[in-house]
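In what follows, a structure is listed as structure tokens, so that the remarks can point back to it.
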Amino acid sequence: MTYRAPVADIAFALKHAAGLKAALDEGLYGDLDEATVDSVIEEAGKFASDVIAPLNAVGDKFGTPFKDGNVTTPPGWKEAYTAWAAAGWNGLASPADFGGQELPHAVNAACIEMWNAASMAFGIGPVLTMAAVDALHAYGSDALKQQYLEKLISGEWMGTMQLTEPQAGSDVGALRTKAERASDGTYRITGSKIFITYGEHDLTDNIIHFVLARLPDAPPGTKGISLFLVPKFMPDGSRNDVRAHSIEHKMGIHASPTCTMVYGDKGGAIGWLIGQEHKGMLCMFTMMNRARLAVALQGVAIADRALQQAWAYARERKQMGKAIIDYPDVKRMLLTMRGLTGAARAISYATGVALDRSIRAKDEGARQKAHELASLLTPVAKAFSTDIGIEVASLGVQVHGGMGFIEETGAAQHYRDARIAAIYEGTNGIQAIDLVTRKVPLDNGNTVAGYIASLRKTVDQVKASNAPAFGDTAARLTEAVDSLERATQWLLKQKNSSEALAGATPYLRLFGHAAGGVMLAEQALIALRQNDDAASRTALARFFAENIAVASSGLERSVTEGAQSITDAEAALQ
């Protein structure tokens, strides 16, 4: 089965759970209206379903052959990318002064989900270009913007993000790539990078690398890192001193070339400074935060594709005279898949709306509050969504039974592809640590307290609705939000202790359960008012509350009581 973009579910979640409609109504996006948003999502869904999705299996089998420093992308890949860029999708949320459409990041998030659901290997490349655009627009010199932004925004050229080195891993401060100042104001870059997505390919004529390196007089650690723009081809058309040395042979996303890059075979690649010397991490975090939201959407995307395939298979597959979808345990698996996917989608889209508010709100105070909310939600979106991408894809294999383990059904590819997203852009453990040590304490805990209060407001509305179809939704969500609040208060008292770090991952999952469950209930409330697929949305919200959110109390105890069993467990690890 191929993919069909669920444009109705996407638009509903974006407008109602994530708050896009409220933002439109208050004029946050100028004269943009719902009809335009719906049209954009509809057209993106058609392109994803009709053009990209049929290439997914082709790309998985063909891979990215590497010869003489060149990568060949799968059949049809270049034509699809060229058509995609020509349609303007690459510049959807990019600044208008360099050719972008400047539509909301939240709308772009919905499109990113569809590109990645159609083919995760295809979708990951453009999001890195979008992140590069954000960094260059924010921190690049006027000359660099004039030289590179328009072609990056149009998609005529693609961008990469280059942090990782063999000895450094997630410890970016340990990188060894060097930068030397040249007399003409440029820099000479020497060293190597690994795991560089789309570091080499044949989709575009030029590739613009954004590379972290260290100057000779740089202070140690992350405070001594600078960011450089290093093009594959120079403005005069000559080849720069950068090349792909090899590509990785991976578990999944076979059609996405993951490269080892080498700089300086002939004395040093020419690069231009982005931002200030020794302040590269500030610039790179602009790229990374955009990429983290995009990776969250990859988790949602692969979950939705696995769900669609499993749902169709369960309706068709007969066992003992009836379709397997009629068996309670298969229903449980499918509802779990749908509930987790919907919850992750809502959290990710809400992060996109918060990001838009942090940029577009009319006063500085509102922008700052939105920035703090986006900062709080980003690690939750990234880690929760990519975790559920793996879980949902795994359940998809299970629904298929033995056929799920056979490559020809395609269910196995979703599982293989999904696994990398929990590692991309900071592992999910790092996201959890970031959440409890940096984001929960924002504004002395007032940001997370305000968010929890907003969840309670929705739960109160569920309770006040008295809709019988909700069952025990209000009660179970109240318990989940209570658990989140108590765990949050406990963490705020722990500072950066080992106890807080030990509870970080279960806390992030607890956050996802509470927030996701409430957002599904919020969509159900709106559906009841509008008589828009109300029975289905209410049933899903109830299932999530009564079968998934109920794990919140156990997660709370793991956060608040489980630390010592980890810190005292050295004997078990000998």
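Here, A, B, ... name the chains of the structure tokens in the order displayed, residue numbers run from 1 inside each chain, and ligands are numbered from 1 in the same displayed order.
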**Message:** Residues near Ala86 (chain A), anyone? I mean within 12 Å using only C-alpha atoms, not counting same-chain ones fewer than 2 positions away, as an NGL selection string.
**Reply:** :A and (79-84 or 88-92 or 151 or 153-157)
Could you please take those selected residues and save C-alpha atoms as an mmCIF file, in the first residue's frame?
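Result file follows (part-v6.cif):
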```
data_model
loop_
_atom_site.group_PDB
_atom_site.id
_atom_site.type_symbol
_atom_site.label_atom_id
_atom_site.label_comp_id
_atom_site.auth_asym_id
_atom_site.auth_seq_id
_atom_site.Cartn_x
_atom_site.Cartn_y
_atom_site.Cartn_z
ATOM 1 C CA GLU A 79 13.049 14.621 -11.217
ATOM 2 C CA ALA A 80 10.844 14.573 -8.103
ATOM 3 C CA TYR A 81 13.130 16.948 -6.233
ATOM 4 C CA THR A 82 13.340 19.355 -9.165
ATOM 5 C CA ALA A 83 9.555 19.440 -9.493
ATOM 6 C CA TRP A 84 9.171 19.849 -5.728
ATOM 7 C CA GLY A 88 8.035 26.529 -4.275
ATOM 8 C CA TRP A 89 7.830 24.047 -1.408
ATOM 9 C CA ASN A 90 11.400 24.612 -0.246
ATOM 10 C CA GLY A 91 10.764 28.301 0.464
ATOM 11 C CA LEU A 92 7.318 27.984 2.030
ATOM 12 C CA LYS A 151 19.290 29.816 -4.366
ATOM 13 C CA ILE A 153 15.441 29.239 -0.588
ATOM 14 C CA SER A 154 14.440 28.254 -4.106
ATOM 15 C CA GLY A 155 15.979 24.817 -3.637
ATOM 16 C CA GLU A 156 18.283 25.300 -6.609
ATOM 17 C CA TRP A 157 21.064 24.565 -4.130
#
```
At a cut-off of 7 Å, using only C-alpha atoms, what residues contact region 112-126 of chain A? Leave out same-chain residues fewer than 2 positions from it and give the result as an mmCIF file with C-alpha atoms, in the first residue's frame.
```
data_model
loop_
_atom_site.group_PDB
_atom_site.id
_atom_site.type_symbol
_atom_site.label_atom_id
_atom_site.label_comp_id
_atom_site.auth_asym_id
_atom_site.auth_seq_id
_atom_site.Cartn_x
_atom_site.Cartn_y
_atom_site.Cartn_z
ATOM 1 C CA TYR A 3 0.713 6.625 1.264
ATOM 2 C CA ALA A 5 -1.745 12.234 2.998
ATOM 3 C CA GLY A 45 -0.753 16.264 0.235
ATOM 4 C CA ALA A 48 3.498 13.872 -1.343
ATOM 5 C CA SER A 49 1.006 11.150 -2.226
ATOM 6 C CA ILE A 52 7.127 11.270 -3.683
ATOM 7 C CA ALA A 53 5.398 8.263 -2.100
ATOM 8 C CA ASN A 56 9.853 5.271 -1.342
ATOM 9 C CA ASN A 90 11.400 24.612 -0.246
ATOM 10 C CA ASN A 108 5.417 24.271 6.875
ATOM 11 C CA ALA A 109 5.524 21.737 9.715
ATOM 12 C CA ALA A 110 2.398 20.077 8.341
ATOM 13 C CA LEU A 128 18.430 20.757 6.463
ATOM 14 C CA THR A 129 18.400 23.326 3.669
ATOM 15 C CA MET A 130 15.542 25.119 5.429
ATOM 16 C CA THR A 197 23.122 13.795 5.642
ATOM 17 C CA TYR A 198 23.095 14.664 1.924
ATOM 18 C CA ILE A 253 16.681 5.517 5.041
ATOM 19 C CA HIS A 254 18.795 3.905 2.324
ATOM 20 C CA ALA A 255 18.026 6.600 -0.243
ATOM 21 C CA SER A 256 19.457 9.351 1.973
ATOM 22 C CA ALA A 294 11.582 18.612 11.632
ATOM 23 C CA LEU A 297 7.708 15.493 12.373
ATOM 24 C CA GLN A 298 9.639 12.585 10.897
ATOM 25 C CA VAL A 300 4.896 11.590 13.271
ATOM 26 C CA ALA A 301 5.301 10.934 9.558
ATOM 27 C CA ILE A 302 6.639 7.412 9.787
ATOM 28 C CA ASP A 304 1.214 7.762 10.189
ATOM 29 C CA ARG A 305 2.511 5.811 7.210
#
```
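Close contacts of Pro104 (chain A), defined as residues with an atom at most 6 Å away when counting only C-alpha atoms, with chain neighbours fewer than 2 positions off set aside, comprise A:Ala93, A:Ala106, A:Val107.
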**Residue with smallest distance to Asn240 (chain A) - pool A:Thr378, A:Thr538, A:Thr458, A:Thr190, counting only C-alpha atoms** =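 Closest to Asn240 (chain A) of all the choices is A:Thr190.
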**Request:** For each of A:Leu435, A:Val392, A:Ala541, A:Val230, take the minimum atom-to-atom distance to Val462 (chain A), counting only C-alpha atoms, then give the residue where this is smallest.
**Result:**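 Nearest to Val462 (chain A): A:Ala541.
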**Prompt:** Which polymer residues have any atom within 12 Å of an atom of Gly237 (chain A), counting only C-alpha atoms, with same-chain residues fewer than 6 positions away left out, as an MDAnalysis selection string?
**Reply:** chainID A and resid 205:206 231
